[in-house]
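To keep things clear, I will list the structure first and then write my remarks on it.
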Amino acid sequence: MSETEPPVLVREDGRVGRLLLNRPHALNSLNVEMIRRIAEALDAWEHDPGVAAVVLGGAGERGLCAGADIRAIHDDVRRGGGADSARFWAEEYRLNARIARYPKPYVALMDGVVMGGGVGLSAHGGVRVVTERAKVAMPETTIGFVPDVGGTWLLSRAPGELGTHLALTAGAVGAGDALLCGLADHFVPAGRLDSFAAALAEAAPAQALEEFAEPAPEGTLARHRTWIDDCYGADDVAEILHRLRSSGSTAAKEAAVAIEGKSPTSLKVTLAALRRARGLSSLEEVLDQEYRTSVAALSSPDLTEGVRAQIIDKDRRPRWSPGTLDEVGEAEVARHFAAAPGGDLGLGAAGPGVGT
C-alpha cells in the first residue's frame, strides 16, 4: 500500500465486487476506516443487479488479516480510557452481523494468517475458502482479552469441545481443522487461489468451486477428540487444567502449559462466554454479549499489559493482575457480562440473525 492508496481497495470486476484489505505492512490489521469502507461497499452492492457476489481478500503474502490494530487499542486505552475502541467494536460487530446475513454470496479467501477480526470478516461469510497456508485463530487470551467478532458463536458450535480448546489455548489451526471446526467450507490450494478468484468474475461461486476445490489436507484435532472432549467438558478453568495435566496425552499436557500462560481473568471470562453463547439463539445475541465483554476489558489492566508484552516490548512476559485463577472472583467475571456503560449494541433485539 502506498501513501496514496486507501486501506481497503474496492472495485467491480465482471459479476463480482472485490474487497482487498490493503495494509500488508501491518498484516492488514483493521481500523475504523477499513470497517466503514467495507460497510459502504456492501451497502452499494446489495441492490446493484450488476454485482452477483462479493469477494474478500488480503494484500501481501502473509495473510488475509491479523485482526484489529491492537496497538491502537492499547494507545487509546492509555490515552483516553478506550472510548474510540468501544466505538470501533460497535461498528465492527455490526459489520460482522451484516456479513452473516448478506443476501448475496460473500466469498472469503482465507489464505495465510486469519486471526481475530480477520475471522470476523471471513468466517461469517457464506463461502469460506481456505488454503494449506491458512492459520486461523482467535488468539485473544494471549493479550488479556476475550474472543469477539462472533468468535464465541463459532467456537461454541464447533464439534464437541474443540472450540473451547482453541479459545483457551489461543491455538491456530490449518485448513483441515478449520473445516472440521466449522470455520471454513472449502479448500483450494494456494497455487490455484488466484485462478479461482479470477474465475468468480464470470462464474457463480458454486461453479468455480467445482473446478478448483479439492479435498483438504488432514488436520490434527480429530485424533485428539477423546481427551479434548473429556478435559474441556468441565465448566471451570481450574478443573480443565487439572484434567489436562492428569491426562496421559502429551498434547493435553502441552495444552495445559499454553493455557497457564494466559490472563487468568481472560480465561475465566472466555469460558463463561462460550458456555453462555451455546444458550443464545443468534449470532446477533452473541455479538451483543461480546460487546459487553470487550468494553469491560477496557477497564481491566490485562488488556494493555498483554499488548505491551506481545506487541510493544515483545518480552512475552505479561504481568497479569490478578495473577492466578483463584484470585479472579465471580463478581469480576460477572462484571464482564453487565450492560456496557455507553449502552449495548442491541443487535439481538432486531430479530434472529443468520448463523454460519
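In the C-alpha cells, the first chain shown is A, the next is B, and so on; residue numbers restart at 1 for each chain, and ligands run from 1 in the order shown.
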7 Å contact set for Phe187 in chain A, only C-alpha atoms, chain neighbours under 6 positions out, as number ranges by chain: A: 129-131, 175, 213-216
With all heavy atoms retained, could you export that selection as a PDB file, in the first residue's frame?
ATOM      1  N   VAL A 129     -13.265 -20.024   1.958  1.00  0.00           N
ATOM      2  CA  VAL A 129     -12.281 -20.851   1.267  1.00  0.00           C
ATOM      3  C   VAL A 129     -10.936 -20.746   1.977  1.00  0.00           C
ATOM      4  O   VAL A 129     -10.411 -19.646   2.173  1.00  0.00           O
ATOM      5  CB  VAL A 129     -12.133 -20.403  -0.204  1.00  0.00           C
ATOM      6  CG1 VAL A 129     -11.050 -21.215  -0.910  1.00  0.00           C
ATOM      7  CG2 VAL A 129     -13.468 -20.550  -0.933  1.00  0.00           C
ATOM      8  N   VAL A 130     -10.351 -21.884   2.358  1.00  0.00           N
ATOM      9  CA  VAL A 130      -9.039 -21.909   2.998  1.00  0.00           C
ATOM     10  C   VAL A 130      -8.019 -22.567   2.085  1.00  0.00           C
ATOM     11  O   VAL A 130      -8.359 -23.367   1.214  1.00  0.00           O
ATOM     12  CB  VAL A 130      -9.056 -22.663   4.345  1.00  0.00           C
ATOM     13  CG1 VAL A 130      -9.684 -21.849   5.441  1.00  0.00           C
ATOM     14  CG2 VAL A 130      -9.738 -24.010   4.204  1.00  0.00           C
ATOM     15  N   THR A 131      -6.757 -22.231   2.316  1.00  0.00           N
ATOM     16  CA  THR A 131      -5.642 -22.856   1.607  1.00  0.00           C
ATOM     17  C   THR A 131      -4.766 -23.596   2.618  1.00  0.00           C
ATOM     18  O   THR A 131      -4.974 -23.498   3.833  1.00  0.00           O
ATOM     19  CB  THR A 131      -4.782 -21.811   0.887  1.00  0.00           C
ATOM     20  OG1 THR A 131      -3.977 -21.113   1.849  1.00  0.00           O
ATOM     21  CG2 THR A 131      -5.637 -20.809   0.119  1.00  0.00           C
ATOM     22  N   ALA A 175      -5.959 -25.747   7.411  1.00  0.00           N
ATOM     23  CA  ALA A 175      -7.145 -25.898   6.577  1.00  0.00           C
ATOM     24  C   ALA A 175      -8.042 -27.041   7.036  1.00  0.00           C
ATOM     25  O   ALA A 175      -9.254 -26.869   7.188  1.00  0.00           O
ATOM     26  CB  ALA A 175      -6.717 -26.113   5.125  1.00  0.00           C
ATOM     27  N   ALA A 213     -11.943 -26.487  -6.162  1.00  0.00           N
ATOM     28  CA  ALA A 213     -11.873 -27.038  -4.804  1.00  0.00           C
ATOM     29  C   ALA A 213     -11.353 -28.473  -4.820  1.00  0.00           C
ATOM     30  O   ALA A 213     -11.620 -29.244  -5.749  1.00  0.00           O
ATOM     31  CB  ALA A 213     -13.238 -26.979  -4.140  1.00  0.00           C
ATOM     32  N   GLU A 214     -10.612 -28.818  -3.760  1.00  0.00           N
ATOM     33  CA  GLU A 214     -10.033 -30.147  -3.611  1.00  0.00           C
ATOM     34  C   GLU A 214     -10.211 -30.622  -2.174  1.00  0.00           C
ATOM     35  O   GLU A 214     -10.525 -29.819  -1.289  1.00  0.00           O
ATOM     36  CB  GLU A 214      -8.533 -30.120  -3.956  1.00  0.00           C
ATOM     37  CG  GLU A 214      -8.218 -29.674  -5.368  1.00  0.00           C
ATOM     38  CD  GLU A 214      -6.721 -29.669  -5.646  1.00  0.00           C
ATOM     39  OE1 GLU A 214      -5.947 -30.184  -4.795  1.00  0.00           O
ATOM     40  OE2 GLU A 214      -6.320 -29.165  -6.708  1.00  0.00           O
ATOM     41  N   PRO A 215     -10.009 -31.917  -1.921  1.00  0.00           N
ATOM     42  CA  PRO A 215     -10.012 -32.376  -0.525  1.00  0.00           C
ATOM     43  C   PRO A 215      -8.896 -31.694   0.259  1.00  0.00           C
ATOM     44  O   PRO A 215      -7.779 -31.532  -0.240  1.00  0.00           O
ATOM     45  CB  PRO A 215      -9.766 -33.881  -0.653  1.00  0.00           C
ATOM     46  CG  PRO A 215     -10.205 -34.227  -2.043  1.00  0.00           C
ATOM     47  CD  PRO A 215      -9.875 -33.030  -2.876  1.00  0.00           C
ATOM     48  N   ALA A 216      -9.188 -31.306   1.478  1.00  0.00           N
ATOM     49  CA  ALA A 216      -8.198 -30.596   2.294  1.00  0.00           C
ATOM     50  C   ALA A 216      -7.188 -31.564   2.889  1.00  0.00           C
ATOM     51  O   ALA A 216      -7.491 -32.738   3.111  1.00  0.00           O
ATOM     52  CB  ALA A 216      -8.898 -29.832   3.411  1.00  0.00           C
TER      53      ALA A 216
END
Name all residues at most 6 Å from Gly306 in chain A (count only C-alpha atoms; drop same-chain ones fewer than 6 positions away) and give them as an NGL selection string. :A and (143-144 or 318)
Those residues you just picked out, can you put them in a file as a PDB file, in the first residue's frame with all heavy atoms?
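The file below, again_31.pdb, is the result:
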ATOM      1  N   ILE A 143      -3.480 -11.883  24.866  1.00  0.00           N
ATOM      2  CA  ILE A 143      -3.289 -10.452  25.139  1.00  0.00           C
ATOM      3  C   ILE A 143      -4.239  -9.943  26.223  1.00  0.00           C
ATOM      4  O   ILE A 143      -4.494  -8.737  26.312  1.00  0.00           O
ATOM      5  CB  ILE A 143      -3.440  -9.605  23.863  1.00  0.00           C
ATOM      6  CG1 ILE A 143      -4.837  -9.780  23.244  1.00  0.00           C
ATOM      7  CG2 ILE A 143      -2.335  -9.920  22.871  1.00  0.00           C
ATOM      8  CD1 ILE A 143      -5.176  -8.733  22.190  1.00  0.00           C
ATOM      9  N   GLY A 144      -4.768 -10.826  27.053  1.00  0.00           N
ATOM     10  CA  GLY A 144      -5.636 -10.374  28.137  1.00  0.00           C
ATOM     11  C   GLY A 144      -7.000  -9.920  27.670  1.00  0.00           C
ATOM     12  O   GLY A 144      -7.635  -9.066  28.296  1.00  0.00           O
ATOM     13  N   PRO A 318       4.041 -11.189  30.287  1.00  0.00           N
ATOM     14  CA  PRO A 318       2.991 -10.336  30.857  1.00  0.00           C
ATOM     15  C   PRO A 318       2.867 -10.530  32.359  1.00  0.00           C
ATOM     16  O   PRO A 318       3.034 -11.638  32.878  1.00  0.00           O
ATOM     17  CB  PRO A 318       1.724 -10.803  30.141  1.00  0.00           C
ATOM     18  CG  PRO A 318       2.022 -12.218  29.760  1.00  0.00           C
ATOM     19  CD  PRO A 318       3.490 -12.253  29.438  1.00  0.00           C
TER      20      PRO A 318
END
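Counting only C-alpha atoms, Pro341 in chain A has the following residues at most 9 Å away, ignoring those fewer than 5 positions along the same chain: A:Arg292, A:Val295, A:Ala296.
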Residue subset to file, keeping N, CA and C atoms, as a compact mmCIF listing (two decimals), in the first residue's frame:
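Written output follows (out.txt):
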# COMPACT_ATOMS: atom_id res chain seq x y z
N ARG A 292 -20.28 -6.45 25.36
CA ARG A 292 -20.19 -6.20 26.80
C ARG A 292 -18.85 -6.67 27.36
N VAL A 295 -15.99 -4.23 26.06
CA VAL A 295 -15.96 -2.93 26.73
C VAL A 295 -15.48 -3.08 28.17
N ALA A 296 -15.91 -4.15 28.84
CA ALA A 296 -15.45 -4.38 30.22
C ALA A 296 -13.94 -4.57 30.27
Tell me which of A:Ala331, A:Leu287, A:Leu274, A:Ala251 sits closest to Leu155 in chain A, counting only C-alpha atoms. A:Leu274
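The residues of range 47-100 of chain A that DSSP assigns to helix (DSSP H, G or I) on this backbone come out as Ile70, Arg71, Ala72, Ile73, His74, Asp75, Asp76, Val77, Arg78, Arg79, Gly80, Ala83, Asp84, Ser85, Ala86, Arg87, Phe88, Trp89, Ala90, Glu91, Glu92, Tyr93, Arg94, Leu95, Asn96, Ala97, Arg98, Ile99 and Ala100 of chain A.
Note that the spacing between CA of Pro159 in chain A and CA of Cys181 in chain A amounts to 6.3 Å.
Comparing the minimum interatomic distances between Ser122 in chain A and each of A:Leu283, A:Ala199, A:Leu193, A:Cys65, counting only C-alpha atoms, we find that A:Cys65 sits nearest.
Closest to Ile35 in chain A among A:Arg78, A:Arg98, A:His47, A:Lys253 is A:Arg98, based on only C-alpha atoms.
When the distance limit is 7 Å and only C-alpha atoms are what count, the residues near Val55 in chain A, minus those fewer than 3 positions from it on the same chain, are Val16, Gly17, Arg18, Leu19, Tyr106, Val107 and Ala108 of chain A.
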I'd like the contact shell of Lys268 in chain A - 8 Å cut-off, only C-alpha atoms, skipping same-chain residues fewer than 5 positions apart - returned as a ChimeraX atom specification. /A:236-237,325,328,333
Take the selection from the previous step and output its residues with C-alpha atoms, as a compact mmCIF listing (two decimals), in the first residue's frame.
# COMPACT_ATOMS: atom_id res chain seq x y z
CA ASP A 236 -14.30 -24.46 35.50
CA VAL A 237 -10.88 -23.45 34.15
CA LEU A 325 -7.23 -18.14 38.74
CA VAL A 328 -10.39 -13.93 39.94
CA VAL A 333 -16.39 -12.44 35.81
Quick one: residues within 10 Å of His165 in chain A, only C-alpha atoms, excluding same-chain residues fewer than 2 positions away - as a VMD selection string? chain A and resid 155 160 to 163 167 to 171 221 228 to 229 231 to 233 240 252 255 259 271
Restricted to N, CA and C atoms, what would the selected residues look like written as an mmCIF file, in the first residue's frame?
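Heads up, here's the output in again.cif:
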data_model
loop_
_atom_site.group_PDB
_atom_site.id
_atom_site.type_symbol
_atom_site.label_atom_id
_atom_site.label_comp_id
_atom_site.auth_asym_id
_atom_site.auth_seq_id
_atom_site.Cartn_x
_atom_site.Cartn_y
_atom_site.Cartn_z
ATOM 1 N N LEU A 155 -16.977 -20.767 17.879
ATOM 2 C CA LEU A 155 -16.263 -21.774 18.653
ATOM 3 C C LEU A 155 -17.201 -22.589 19.541
ATOM 4 N N GLY A 160 -18.038 -31.062 19.651
ATOM 5 C CA GLY A 160 -17.563 -31.360 20.994
ATOM 6 C C GLY A 160 -17.007 -30.138 21.693
ATOM 7 N N GLU A 161 -15.795 -30.288 22.233
ATOM 8 C CA GLU A 161 -15.144 -29.193 22.949
ATOM 9 C C GLU A 161 -13.951 -28.615 22.185
ATOM 10 N N LEU A 162 -13.941 -28.815 20.870
ATOM 11 C CA LEU A 162 -12.835 -28.289 20.075
ATOM 12 C C LEU A 162 -12.746 -26.768 20.190
ATOM 13 N N GLY A 163 -13.899 -26.113 20.177
ATOM 14 C CA GLY A 163 -13.902 -24.653 20.267
ATOM 15 C C GLY A 163 -13.381 -24.157 21.602
ATOM 16 N N ALA A 167 -10.193 -21.700 22.016
ATOM 17 C CA ALA A 167 -10.374 -20.409 22.679
ATOM 18 C C ALA A 167 -9.411 -20.230 23.844
ATOM 19 N N LEU A 168 -9.264 -21.258 24.676
ATOM 20 C CA LEU A 168 -8.428 -21.125 25.873
ATOM 21 C C LEU A 168 -6.943 -21.168 25.552
ATOM 22 N N THR A 169 -6.549 -22.002 24.599
ATOM 23 C CA THR A 169 -5.126 -22.077 24.238
ATOM 24 C C THR A 169 -4.722 -20.990 23.261
ATOM 25 N N ALA A 170 -5.700 -20.378 22.578
ATOM 26 C CA ALA A 170 -5.440 -19.394 21.526
ATOM 27 C C ALA A 170 -4.706 -20.019 20.352
ATOM 28 N N GLY A 171 -4.866 -21.321 20.166
ATOM 29 C CA GLY A 171 -4.137 -22.029 19.132
ATOM 30 C C GLY A 171 -4.670 -21.762 17.736
ATOM 31 N N LEU A 221 -6.727 -32.262 14.853
ATOM 32 C CA LEU A 221 -7.606 -32.252 16.024
ATOM 33 C C LEU A 221 -8.467 -33.496 16.152
ATOM 34 N N ILE A 228 -9.697 -34.122 24.389
ATOM 35 C CA ILE A 228 -10.209 -32.749 24.306
ATOM 36 C C ILE A 228 -11.628 -32.682 24.866
ATOM 37 N N ASP A 229 -12.486 -33.583 24.433
ATOM 38 C CA ASP A 229 -13.871 -33.543 24.891
ATOM 39 C C ASP A 229 -13.976 -33.840 26.376
ATOM 40 N N CYS A 231 -11.463 -33.406 28.794
ATOM 41 C CA CYS A 231 -10.812 -32.391 29.632
ATOM 42 C C CYS A 231 -11.552 -31.065 29.611
ATOM 43 N N TYR A 232 -12.024 -30.661 28.443
ATOM 44 C CA TYR A 232 -12.676 -29.354 28.333
ATOM 45 C C TYR A 232 -14.167 -29.408 28.608
ATOM 46 N N GLY A 233 -14.657 -30.577 28.982
ATOM 47 C CA GLY A 233 -16.080 -30.678 29.315
ATOM 48 C C GLY A 233 -16.429 -30.036 30.637
ATOM 49 N N ILE A 240 -10.444 -27.842 34.271
ATOM 50 C CA ILE A 240 -9.931 -28.172 32.934
ATOM 51 C C ILE A 240 -8.421 -28.383 32.986
ATOM 52 N N ALA A 252 -2.176 -33.039 25.590
ATOM 53 C CA ALA A 252 -3.011 -32.427 26.631
ATOM 54 C C ALA A 252 -2.152 -31.650 27.616
ATOM 55 N N ALA A 255 -1.163 -28.455 26.081
ATOM 56 C CA ALA A 255 -2.279 -27.508 26.108
ATOM 57 C C ALA A 255 -2.366 -26.833 27.465
ATOM 58 N N ILE A 259 -2.231 -22.793 28.255
ATOM 59 C CA ILE A 259 -3.297 -22.087 28.970
ATOM 60 C C ILE A 259 -2.744 -21.364 30.190
ATOM 61 N N LEU A 271 -14.309 -18.751 29.095
ATOM 62 C CA LEU A 271 -15.060 -19.983 29.298
ATOM 63 C C LEU A 271 -16.534 -19.678 29.582
#
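Closest approach to Pro24 in chain A among A:Ala204, A:Val8, A:Gly82, A:Ser266: A:Val8, based on only C-alpha atoms.
When CA of Thr4 in chain A is paired with CA of Gly57 in chain A, their separation reads 19.8 Å.
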